[in-house]
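Containing compact mmCIF, C-alpha atoms and all ligand atoms: model_5.txt.
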```txt
# COMPACT_ATOMS: atom_id res chain seq x y z
CA MET A 1 144.56 192.36 -114.38
CA SER A 2 145.80 189.36 -116.27
CA ALA A 3 144.07 186.03 -116.38
CA ARG A 4 144.51 183.28 -113.88
CA ALA A 5 144.96 179.64 -114.82
CA SER A 6 145.83 176.22 -113.45
CA SER A 7 148.77 174.25 -114.81
CA THR A 8 149.34 170.57 -114.17
CA ARG A 9 152.51 168.57 -114.54
CA ARG A 10 152.63 164.76 -114.44
CA PHE A 11 155.29 162.63 -112.76
CA SER A 12 155.74 158.92 -112.18
CA PHE A 13 157.49 156.79 -109.63
CA ALA A 14 157.45 153.16 -108.52
CA ALA A 15 157.21 152.23 -104.86
CA GLY A 16 156.41 149.29 -102.62
CA HIS A 17 154.19 149.07 -99.60
CA ARG A 18 151.88 146.93 -97.55
CA TYR A 19 148.93 147.83 -95.37
CA TRP A 20 149.52 146.97 -91.75
CA VAL A 21 148.62 148.43 -88.37
CA ASP A 22 151.22 147.43 -85.78
CA ALA A 23 148.78 147.72 -82.91
CA TRP A 24 146.51 145.08 -84.45
CA SER A 25 146.93 141.31 -84.48
CA ALA A 26 147.82 139.56 -87.75
CA ALA A 27 144.27 138.23 -87.91
CA GLU A 28 142.80 141.71 -87.54
CA ASN A 29 145.13 143.12 -90.20
CA GLU A 30 144.14 140.32 -92.56
CA ARG A 31 140.46 140.82 -91.83
CA VAL A 32 140.63 144.53 -92.64
CA PHE A 33 143.24 144.66 -95.40
CA GLY A 34 143.18 141.16 -96.90
CA ARG A 35 145.87 140.66 -99.53
CA LEU A 36 147.04 144.25 -99.14
CA THR A 37 148.98 143.05 -96.07
CA VAL A 38 151.39 141.32 -98.50
CA PRO A 39 154.26 143.58 -99.71
CA HIS A 40 153.70 144.65 -103.32
CA GLY A 41 154.48 147.54 -105.63
CA HIS A 42 152.71 150.17 -107.70
CA ASN A 43 153.65 152.41 -110.58
CA TYR A 44 152.26 155.67 -109.27
CA THR A 45 151.36 158.64 -111.43
CA LEU A 46 151.38 162.00 -109.69
CA GLU A 47 149.74 165.12 -111.08
CA VAL A 48 150.64 168.41 -109.39
CA THR A 49 148.44 171.41 -110.18
CA VAL A 50 149.48 174.98 -109.48
CA HIS A 51 147.21 177.97 -109.83
CA GLY A 52 147.88 181.62 -110.26
CA ARG A 53 148.07 184.70 -112.38
CA ILE A 54 149.58 184.25 -115.82
CA ASP A 55 152.75 186.31 -115.70
CA GLU A 56 152.56 188.95 -118.42
CA ALA A 57 156.22 188.64 -119.37
CA THR A 58 156.62 184.85 -119.37
CA GLY A 59 153.04 183.88 -120.16
CA MET A 60 153.24 181.21 -117.48
CA VAL A 61 151.59 180.57 -114.11
CA ILE A 62 154.82 179.05 -112.81
CA ASP A 63 158.17 178.27 -114.34
CA LEU A 64 157.38 174.71 -115.39
CA GLY A 65 161.06 173.84 -115.26
CA GLU A 66 161.13 174.94 -111.63
CA LEU A 67 158.01 172.85 -110.92
CA LYS A 68 159.67 169.81 -112.48
CA ARG A 69 162.82 170.35 -110.42
CA VAL A 70 160.98 170.90 -107.12
CA VAL A 71 158.70 167.87 -107.46
CA GLY A 72 161.60 165.74 -108.73
CA GLU A 73 163.85 166.61 -105.80
CA THR A 74 161.15 166.60 -103.14
CA VAL A 75 158.89 163.72 -104.11
CA VAL A 76 160.23 161.54 -106.93
CA GLU A 77 163.75 161.14 -105.55
CA ARG A 78 162.33 160.35 -102.12
CA PHE A 79 159.76 157.74 -103.13
CA ASP A 80 160.98 156.20 -106.38
CA HIS A 81 162.00 152.57 -105.75
CA ALA A 82 161.37 153.09 -102.05
CA ASP A 83 159.68 150.94 -99.46
CA LEU A 84 157.01 153.37 -98.28
CA ASN A 85 156.57 151.55 -94.96
CA ALA A 86 160.24 152.30 -94.17
CA ASP A 87 159.84 156.06 -94.73
CA PRO A 88 159.59 158.05 -91.48
CA LEU A 89 156.42 159.67 -92.88
CA PHE A 90 154.69 156.30 -92.56
CA ARG A 91 155.86 155.34 -89.12
CA GLY A 92 152.60 154.40 -87.44
CA ARG A 93 150.63 155.47 -90.52
CA VAL A 94 149.35 153.12 -93.24
CA PRO A 95 150.82 154.08 -96.65
CA THR A 96 147.52 154.21 -98.48
CA THR A 97 147.08 156.31 -101.60
CA GLU A 98 145.16 158.82 -99.45
CA ASN A 99 147.94 159.16 -96.89
CA LEU A 100 150.61 159.32 -99.59
CA ALA A 101 148.73 162.12 -101.39
CA VAL A 102 148.53 164.11 -98.13
CA SER A 103 152.24 163.54 -97.46
CA ILE A 104 153.15 164.70 -100.97
CA TRP A 105 151.07 167.85 -100.45
CA ASP A 106 152.80 168.50 -97.11
CA LEU A 107 156.22 168.11 -98.75
CA LEU A 108 155.39 170.40 -101.66
CA GLU A 109 153.40 173.15 -99.95
CA PRO A 110 156.39 174.83 -98.26
CA LYS A 111 158.32 174.83 -101.56
CA LEU A 112 155.58 175.89 -103.96
CA GLY A 113 153.53 178.06 -101.61
CA ALA A 114 150.05 177.49 -100.21
CA ASP A 115 148.69 180.17 -102.55
CA ARG A 116 150.01 178.41 -105.65
CA LEU A 117 149.58 174.71 -104.91
CA ARG A 118 146.05 173.80 -105.94
CA ARG A 119 145.77 170.03 -106.14
CA VAL A 120 147.70 166.81 -105.78
CA ARG A 121 146.21 163.92 -107.74
CA LEU A 122 147.86 160.58 -107.10
CA TRP A 123 147.08 157.55 -109.24
CA GLU A 124 147.92 154.22 -107.67
CA ASP A 125 147.03 152.45 -110.90
CA PRO A 126 144.91 153.33 -113.95
CA THR A 127 141.70 152.56 -112.02
CA LEU A 128 142.27 154.47 -108.77
CA TYR A 129 143.26 157.98 -107.86
CA VAL A 130 143.02 160.27 -104.84
CA ASP A 131 142.71 164.06 -104.94
CA TYR A 132 143.95 166.22 -102.11
CA HIS A 133 143.54 169.97 -101.97
CA GLY A 134 145.08 170.61 -98.55
CA GLY A 135 143.39 171.28 -95.27
NI NI B 201 148.96 148.64 -102.80
```
Please rewrite the model in this file as structure tokens.
Amino acid sequence: MSARASSTRRFSFAAGHRYWVDAWSAAENERVFGRLTVPHGHNYTLEVTVHGRIDEATGMVIDLGELKRVVGETVVERFDHADLNADPLFRGRVPTTENLAVSIWDLLEPKLGADRLRRVRLWEDPTLYVDYHGG
């Protein structure tokens, strides 16, 4: 039985958003979210971790080229230079770092497999990140 390991690849994308709940008044949104109600952007850093057995032939947990392609096509192309509030994923859902991490997991899980995808870590800026492990 060969060893198991976790491999992480890092990606970056820039996106804009604002925090706003349509069902609330402007005053309520401002009370809860403050300046986050104003449209602004972030340079996000995304770390995707996959886990599994190290293949004896390739020496890898996953083809890291495949991981780069899948995350690039599924996540980076979708969100880079996008207005997150305009994405159907955030219709009626505030595009917080938490919600974005969950959405990224949900986009990647069918492509990478629930058994392989281990963690999505999304940095909104160098001081704040969210981890999501599914479920
Ligand atoms: Ni923000």
For A:Thr74, work out the shell of residues within 9 Å, counting all atoms listed in the file and skipping chain neighbours fewer than 5 positions away, then give it as an mmCIF file with C-alpha atoms, in the frame of the given file.
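Below is the file that was written, result-v4.cif:
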```
data_model
loop_
_atom_site.group_PDB
_atom_site.id
_atom_site.type_symbol
_atom_site.label_atom_id
_atom_site.label_comp_id
_atom_site.auth_asym_id
_atom_site.auth_seq_id
_atom_site.Cartn_x
_atom_site.Cartn_y
_atom_site.Cartn_z
ATOM 1 C CA ARG A 69 162.820 170.350 -110.420
ATOM 2 C CA PHE A 79 159.760 157.740 -103.130
ATOM 3 C CA ILE A 104 153.150 164.700 -100.970
ATOM 4 C CA LEU A 107 156.220 168.110 -98.750
ATOM 5 C CA LEU A 108 155.390 170.400 -101.660
ATOM 6 C CA LYS A 111 158.320 174.830 -101.560
#
```
Nearby polymer residues, ligand NI 201 (chain B), at most 7 Å, all atoms listed in the file, as an mmCIF file with C-alpha atoms, in the frame of the given file:
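Result went into selection-v3.cif, see below:
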```cif
data_model
loop_
_atom_site.group_PDB
_atom_site.id
_atom_site.type_symbol
_atom_site.label_atom_id
_atom_site.label_comp_id
_atom_site.auth_asym_id
_atom_site.auth_seq_id
_atom_site.Cartn_x
_atom_site.Cartn_y
_atom_site.Cartn_z
ATOM 1 C CA HIS A 17 154.190 149.070 -99.600
ATOM 2 C CA ARG A 18 151.880 146.930 -97.550
ATOM 3 C CA LEU A 36 147.040 144.250 -99.140
ATOM 4 C CA HIS A 40 153.700 144.650 -103.320
ATOM 5 C CA GLY A 41 154.480 147.540 -105.630
ATOM 6 C CA HIS A 42 152.710 150.170 -107.700
#
```
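Residues in contact with stretch 84-97 of chain A at 8 Å, where only C-alpha atoms are counted and same-chain residues fewer than 3 positions away are skipped, are listed as A:Ala15, A:Gly16, A:His17, A:Arg18, A:Tyr19, A:Trp20, A:Val21, A:Asp22, A:Phe79, A:Leu100, A:Ala101, A:Ser103, A:Leu122, A:Trp123, A:Glu124, A:Tyr129, A:Val130.
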Atom CA of A:Trp24 to atom CA of A:Asn99, straight-line distance in Å = 18.8 Å
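With all atoms listed in the file as the atoms that count, the residue of A:Arg9, A:Asp106, A:Asn43, A:Pro126 with the shortest distance to A:Glu66 is A:Arg9.
Those residues that approach A:Asp131 to within 7 Å, counting all atoms listed in the file, are Arg119, Val120, Arg121 and Leu122 of chain A; same-chain residues fewer than 4 positions away are not listed.
As for atom CA of A:Asp80 and atom CA of A:Ser12, they are spaced 8.3 Å apart.
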Hey, can you check how far atom CA of A:Ala57 sits from atom CA of A:Ala5?
-> 15.1 Å
Excluding A:Ala114 and any residue of its chain fewer than 3 positions from it, enumerate the residues within 12 Å of it, using only C-alpha atoms, and give them as an NGL selection string.
-> :A and (49-52 or 105-111 or 117-119 or 133-135)
Which protein, DNA or RNA residues have an atom at most 12 Å from (157.2, 176.3, -113.8), counting all atoms listed in the file? List them as a list in words.
-> Ser6, Ser7, Thr8, Arg9, Val48, Thr49, Val50, His51, Gly52, Ile54, Asp55, Thr58, Gly59, Met60, Val61, Ile62, Asp63, Leu64, Gly65, Glu66, Leu67, Lys68, Arg69, Val70, Val71, Leu112, Arg116 and Leu117 of chain A
Output the selection as a PDB file, in the frame of the given file - C-alpha atoms for each residue.
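Once written, selection-v2.pdb looks like this:
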```
ATOM      1  CA  SER A   6     145.830 176.220-113.450  1.00  0.00           C
ATOM      2  CA  SER A   7     148.770 174.250-114.810  1.00  0.00           C
ATOM      3  CA  THR A   8     149.340 170.570-114.170  1.00  0.00           C
ATOM      4  CA  ARG A   9     152.510 168.570-114.540  1.00  0.00           C
ATOM      5  CA  VAL A  48     150.640 168.410-109.390  1.00  0.00           C
ATOM      6  CA  THR A  49     148.440 171.410-110.180  1.00  0.00           C
ATOM      7  CA  VAL A  50     149.480 174.980-109.480  1.00  0.00           C
ATOM      8  CA  HIS A  51     147.210 177.970-109.830  1.00  0.00           C
ATOM      9  CA  GLY A  52     147.880 181.620-110.260  1.00  0.00           C
ATOM     10  CA  ILE A  54     149.580 184.250-115.820  1.00  0.00           C
ATOM     11  CA  ASP A  55     152.750 186.310-115.700  1.00  0.00           C
ATOM     12  CA  THR A  58     156.620 184.850-119.370  1.00  0.00           C
ATOM     13  CA  GLY A  59     153.040 183.880-120.160  1.00  0.00           C
ATOM     14  CA  MET A  60     153.240 181.210-117.480  1.00  0.00           C
ATOM     15  CA  VAL A  61     151.590 180.570-114.110  1.00  0.00           C
ATOM     16  CA  ILE A  62     154.820 179.050-112.810  1.00  0.00           C
ATOM     17  CA  ASP A  63     158.170 178.270-114.340  1.00  0.00           C
ATOM     18  CA  LEU A  64     157.380 174.710-115.390  1.00  0.00           C
ATOM     19  CA  GLY A  65     161.060 173.840-115.260  1.00  0.00           C
ATOM     20  CA  GLU A  66     161.130 174.940-111.630  1.00  0.00           C
ATOM     21  CA  LEU A  67     158.010 172.850-110.920  1.00  0.00           C
ATOM     22  CA  LYS A  68     159.670 169.810-112.480  1.00  0.00           C
ATOM     23  CA  ARG A  69     162.820 170.350-110.420  1.00  0.00           C
ATOM     24  CA  VAL A  70     160.980 170.900-107.120  1.00  0.00           C
ATOM     25  CA  VAL A  71     158.700 167.870-107.460  1.00  0.00           C
ATOM     26  CA  LEU A 112     155.580 175.890-103.960  1.00  0.00           C
ATOM     27  CA  ARG A 116     150.010 178.410-105.650  1.00  0.00           C
ATOM     28  CA  LEU A 117     149.580 174.710-104.910  1.00  0.00           C
TER      29      LEU A 117
END
```
